[in-house]
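Student: Structure in structure tokens, see below.
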Amino acid sequence: MTCELQITSGFHSGAMARLSDQITVIGSSDACDLVLSDEGIAARHMSLERARGSLALTALDADVEVVGKGLVPAGHRADIPHNATVRLAATDIQVESTRADFMSSLPELPQIRFPRYSPAVLAVACVPMAFAAFALTPNTTSIDGQDAPGALASQMPPEPTAEERLEAAIALFETKLEASGIDTVHLAPRDGVVVATGTVFQANTDAWHQLERWFDGAYAGQIAMVNNVSGTANPPSIDPPAIQSVWQSDTPFLTIDNSRYHEGATLPNGWVLASIGPAAASFEYDNRTIEIRY
């Protein structure tokens, strides 16, 4: 028996590929073995591996749904039946065990790559596989009784709660922010969504937009992001504010550059007036705190 992949929805609907005995990585990155250009496909979305008669699916950069079975969260691995449909964002891939004599009749095309954005065509990297693309009528293979819904439950990790999925999304987003060199954006959960706050300097604008597109693609229809991030041309001055005068009362304030600031106010250069004490005032910005004595 051999394993065949059929794309049954999306840009590449109607394409077919034979699964190799090695690990096959599927995603939107050109480095993947099977490259899909559909909206919502993560760079390295998932991998499939045939080993000792079983078929193992690993969700890499994003969650993968095994239709009728459950969800494999990003970073988890599960054994799936040989006749199953997996869903990557809005793209369905049907995995079928197929008779070897039928598959042997397919032409050997070990080094073919189709135009990436052509509808109903699969973009395939040069890997040790044999590929063939036909016009197909999308269909869904029935699952044997032994593979009925729930049979996979003992093999798959428990489906995460909404709160756990939100925390995992934030943790992954924070890792990507750090890798991009952006340390001025802060993420927090609120009412089931990710709230992003902070500023992005001009030098990091492209990297931030790439992360926005990654998040929208990886979590489309699952987790929303409230974007309260603003852009700024230059980092704020680290020079301490020059205090002109101090007014001590029930509602104290400082005068800086001929403007009045109360506790909690944000200065034009980004510093936040954290507190006004009897002998000093403290200012905060991006996890930094300074104290200026009068």
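Ordered as shown in the structure tokens, chains take letters A, B, and onward, while each chain numbers its residues from 1 and ligands are numbered from 1 in the order shown.
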If we count only C-alpha atoms and set the cut-off at 10 Å, which residues sit around A:Thr251, ignoring sequence neighbours fewer than 3 positions away in its own chain? Please answer as a ChimeraX atom specification.
Tutor: /A:247-248,262-263,276
Student: Using the selection just defined, write its residues with N, CA, C and O atoms as a PDB file, in the first residue's frame.
Tutor:
ATOM      1  N   TRP A 247       4.588  71.297  42.023  1.00  0.00           N
ATOM      2  CA  TRP A 247       3.479  71.772  42.832  1.00  0.00           C
ATOM      3  C   TRP A 247       3.018  70.615  43.713  1.00  0.00           C
ATOM      4  O   TRP A 247       2.534  69.603  43.233  1.00  0.00           O
ATOM      5  N   GLN A 248       3.203  70.765  45.038  1.00  0.00           N
ATOM      6  CA  GLN A 248       2.836  69.736  46.001  1.00  0.00           C
ATOM      7  C   GLN A 248       1.460  70.058  46.579  1.00  0.00           C
ATOM      8  O   GLN A 248       1.272  71.099  47.198  1.00  0.00           O
ATOM      9  N   HIS A 262       0.539  65.729  35.424  1.00  0.00           N
ATOM     10  CA  HIS A 262       0.160  65.044  36.652  1.00  0.00           C
ATOM     11  C   HIS A 262       0.665  63.606  36.598  1.00  0.00           C
ATOM     12  O   HIS A 262       1.117  63.120  35.551  1.00  0.00           O
ATOM     13  N   GLU A 263       0.573  62.900  37.712  1.00  0.00           N
ATOM     14  CA  GLU A 263       0.992  61.501  37.769  1.00  0.00           C
ATOM     15  C   GLU A 263       0.212  60.676  36.741  1.00  0.00           C
ATOM     16  O   GLU A 263      -1.002  60.817  36.601  1.00  0.00           O
ATOM     17  N   ILE A 276       5.068  61.532  41.839  1.00  0.00           N
ATOM     18  CA  ILE A 276       5.639  62.802  42.294  1.00  0.00           C
ATOM     19  C   ILE A 276       5.754  62.709  43.806  1.00  0.00           C
ATOM     20  O   ILE A 276       4.745  62.675  44.518  1.00  0.00           O
TER      21      ILE A 276
END
Student: As a PyMOL selection string, please: every residue in stretch 188-284 of chain A that DSSP puts in strand (DSSP E).
Tutor: chain A and resi 188-190+193-201+225-232+243-247+253-256+259-262+272-276+280-284
Student: Store the residues picked out above, limited to N, CA and C atoms, as a short mmCIF file (atom, residue, chain, number, x, y, z; two decimals), in the first residue's frame.
Tutor:
data_model
loop_
_atom_site.label_atom_id
_atom_site.label_comp_id
_atom_site.auth_asym_id
_atom_site.auth_seq_id
_atom_site.Cartn_x
_atom_site.Cartn_y
_atom_site.Cartn_z
N ALA A 188 -0.93 40.96 25.59
CA ALA A 188 -1.68 40.54 26.78
C ALA A 188 -3.03 39.98 26.34
N PRO A 189 -3.55 38.99 27.07
CA PRO A 189 -4.88 38.46 26.75
C PRO A 189 -5.97 39.34 27.34
N ARG A 190 -7.07 39.48 26.61
CA ARG A 190 -8.20 40.23 27.13
C ARG A 190 -9.47 39.81 26.40
N VAL A 193 -9.11 37.69 23.22
CA VAL A 193 -8.31 38.18 22.10
C VAL A 193 -6.92 38.57 22.59
N VAL A 194 -6.00 38.75 21.66
CA VAL A 194 -4.66 39.23 21.97
C VAL A 194 -4.63 40.74 21.78
N VAL A 195 -4.20 41.45 22.79
CA VAL A 195 -4.09 42.90 22.71
C VAL A 195 -2.62 43.27 22.61
N ALA A 196 -2.26 43.94 21.52
CA ALA A 196 -0.88 44.39 21.30
C ALA A 196 -0.81 45.89 21.53
N THR A 197 0.09 46.31 22.41
CA THR A 197 0.27 47.74 22.70
C THR A 197 1.75 48.08 22.62
N GLY A 198 2.02 49.36 22.43
CA GLY A 198 3.40 49.82 22.38
C GLY A 198 3.66 50.63 21.14
N THR A 199 4.93 50.78 20.83
CA THR A 199 5.34 51.54 19.65
C THR A 199 6.33 50.73 18.84
N VAL A 200 6.36 51.00 17.55
CA VAL A 200 7.33 50.36 16.65
C VAL A 200 8.11 51.46 15.96
N PHE A 201 9.42 51.41 16.09
CA PHE A 201 10.27 52.40 15.45
C PHE A 201 10.32 52.14 13.94
N MET A 225 -6.65 39.74 17.02
CA MET A 225 -5.69 40.62 17.68
C MET A 225 -6.19 42.06 17.62
N VAL A 226 -6.21 42.72 18.76
CA VAL A 226 -6.50 44.14 18.83
C VAL A 226 -5.17 44.87 18.75
N ASN A 227 -4.97 45.61 17.68
CA ASN A 227 -3.68 46.25 17.42
C ASN A 227 -3.71 47.70 17.89
N ASN A 228 -3.10 47.93 19.05
CA ASN A 228 -2.97 49.29 19.58
C ASN A 228 -1.53 49.79 19.48
N VAL A 229 -0.81 49.25 18.52
CA VAL A 229 0.60 49.61 18.33
C VAL A 229 0.68 50.82 17.40
N SER A 230 1.46 51.80 17.80
CA SER A 230 1.65 53.00 16.98
C SER A 230 3.09 53.06 16.49
N GLY A 231 3.30 53.79 15.42
CA GLY A 231 4.63 53.94 14.86
C GLY A 231 5.27 55.24 15.28
N THR A 232 6.57 55.24 15.35
CA THR A 232 7.32 56.45 15.68
C THR A 232 8.62 56.44 14.89
N ILE A 243 12.83 69.26 34.79
CA ILE A 243 11.72 69.73 35.61
C ILE A 243 11.91 71.21 35.91
N GLN A 244 10.91 72.01 35.57
CA GLN A 244 10.98 73.44 35.83
C GLN A 244 10.44 73.80 37.21
N SER A 245 9.33 73.15 37.61
CA SER A 245 8.75 73.46 38.90
C SER A 245 7.93 72.27 39.39
N VAL A 246 7.68 72.27 40.71
CA VAL A 246 6.91 71.20 41.33
C VAL A 246 5.80 71.82 42.17
N TRP A 247 4.59 71.30 42.02
CA TRP A 247 3.48 71.77 42.83
C TRP A 247 3.02 70.62 43.71
N PHE A 253 1.63 68.23 40.61
CA PHE A 253 2.00 68.20 39.20
C PHE A 253 3.38 68.81 39.03
N LEU A 254 3.97 68.53 37.87
CA LEU A 254 5.26 69.09 37.50
C LEU A 254 5.09 69.98 36.28
N THR A 255 5.98 70.92 36.15
CA THR A 255 6.04 71.73 34.94
C THR A 255 7.30 71.37 34.19
N ILE A 256 7.14 70.91 32.94
CA ILE A 256 8.25 70.53 32.08
C ILE A 256 8.01 71.14 30.72
N SER A 259 4.82 72.99 30.23
CA SER A 259 3.57 72.24 30.24
C SER A 259 3.40 71.55 31.59
N ARG A 260 2.15 71.40 32.01
CA ARG A 260 1.85 70.81 33.31
C ARG A 260 1.53 69.32 33.16
N TYR A 261 2.15 68.50 34.03
CA TYR A 261 1.96 67.05 33.97
C TYR A 261 1.62 66.50 35.36
N HIS A 262 0.54 65.73 35.42
CA HIS A 262 0.16 65.04 36.65
C HIS A 262 0.67 63.61 36.60
N VAL A 272 6.79 58.31 30.94
CA VAL A 272 5.56 58.41 31.72
C VAL A 272 5.90 58.87 33.13
N LEU A 273 5.22 59.90 33.58
CA LEU A 273 5.42 60.40 34.93
C LEU A 273 4.75 59.43 35.90
N ALA A 274 5.55 58.60 36.56
CA ALA A 274 5.00 57.54 37.41
C ALA A 274 4.56 58.06 38.76
N SER A 275 5.37 58.92 39.38
CA SER A 275 5.01 59.40 40.71
C SER A 275 5.71 60.73 40.99
N ILE A 276 5.07 61.53 41.84
CA ILE A 276 5.64 62.80 42.29
C ILE A 276 5.75 62.71 43.81
N ALA A 280 11.51 63.80 45.07
CA ALA A 280 11.91 63.31 43.75
C ALA A 280 10.69 62.86 42.97
N ALA A 281 10.83 62.82 41.66
CA ALA A 281 9.80 62.30 40.76
C ALA A 281 10.39 61.15 39.97
N SER A 282 9.57 60.13 39.69
CA SER A 282 10.06 58.98 38.92
C SER A 282 9.35 58.93 37.58
N PHE A 283 10.11 58.51 36.56
CA PHE A 283 9.61 58.40 35.20
C PHE A 283 9.89 56.99 34.69
N GLU A 284 8.99 56.49 33.85
CA GLU A 284 9.14 55.13 33.32
C GLU A 284 9.00 55.15 31.82
#
Student: Taking 6 positions as the minimum chain separation for residues in the same chain, which residues sit within 7 Å of stretch 38-40 of chain A when counting only C-alpha atoms? Answer as a PyMOL selection string.
Tutor: chain A and resi 10-11+89+217-218+220
Student: Mind checking which residues fall within 8 Å of A:Asp61, counting only C-alpha atoms, ignoring those fewer than 5 positions away in the same chain, and posting them as an MDAnalysis selection string?
Tutor: chainID A and resid 42:46 74:75 218
Student: Find the residue from A:Thr175, A:Ser29, A:Thr2, A:Asn287 that sits nearest to A:Asn83; use only C-alpha atoms when measuring.
Tutor: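 For A:Asn83, the nearest of the candidates is A:Thr2.
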Student: Taking 4 positions as the minimum chain separation for residues in the same chain, which residues sit within 8 Å of A:Pro160 when counting only C-alpha atoms? Answer as an MDAnalysis selection string.
Tutor: chainID A and resid 73 164:165
Student: How many Å separate atom CA of A:Asp191 from atom CA of A:Trp214?
Tutor: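 Here the two named atoms are 21.6 Å from each other.
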Student: Write out as a ChimeraX atom specification the residues lying within 12 Å of A:Val95, counting only C-alpha atoms and excluding same-chain residues fewer than 3 positions away.
Tutor: /A:2-8,16-19,48-50,55-57,66-67,80-87,92,98,139-143
Student: Interatomic distance between atom CA of A:Gln210 and atom CA of A:Lys176?
Tutor: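 Taking atom CA of A:Gln210 and atom CA of A:Lys176, their separation equals 10.4 Å.
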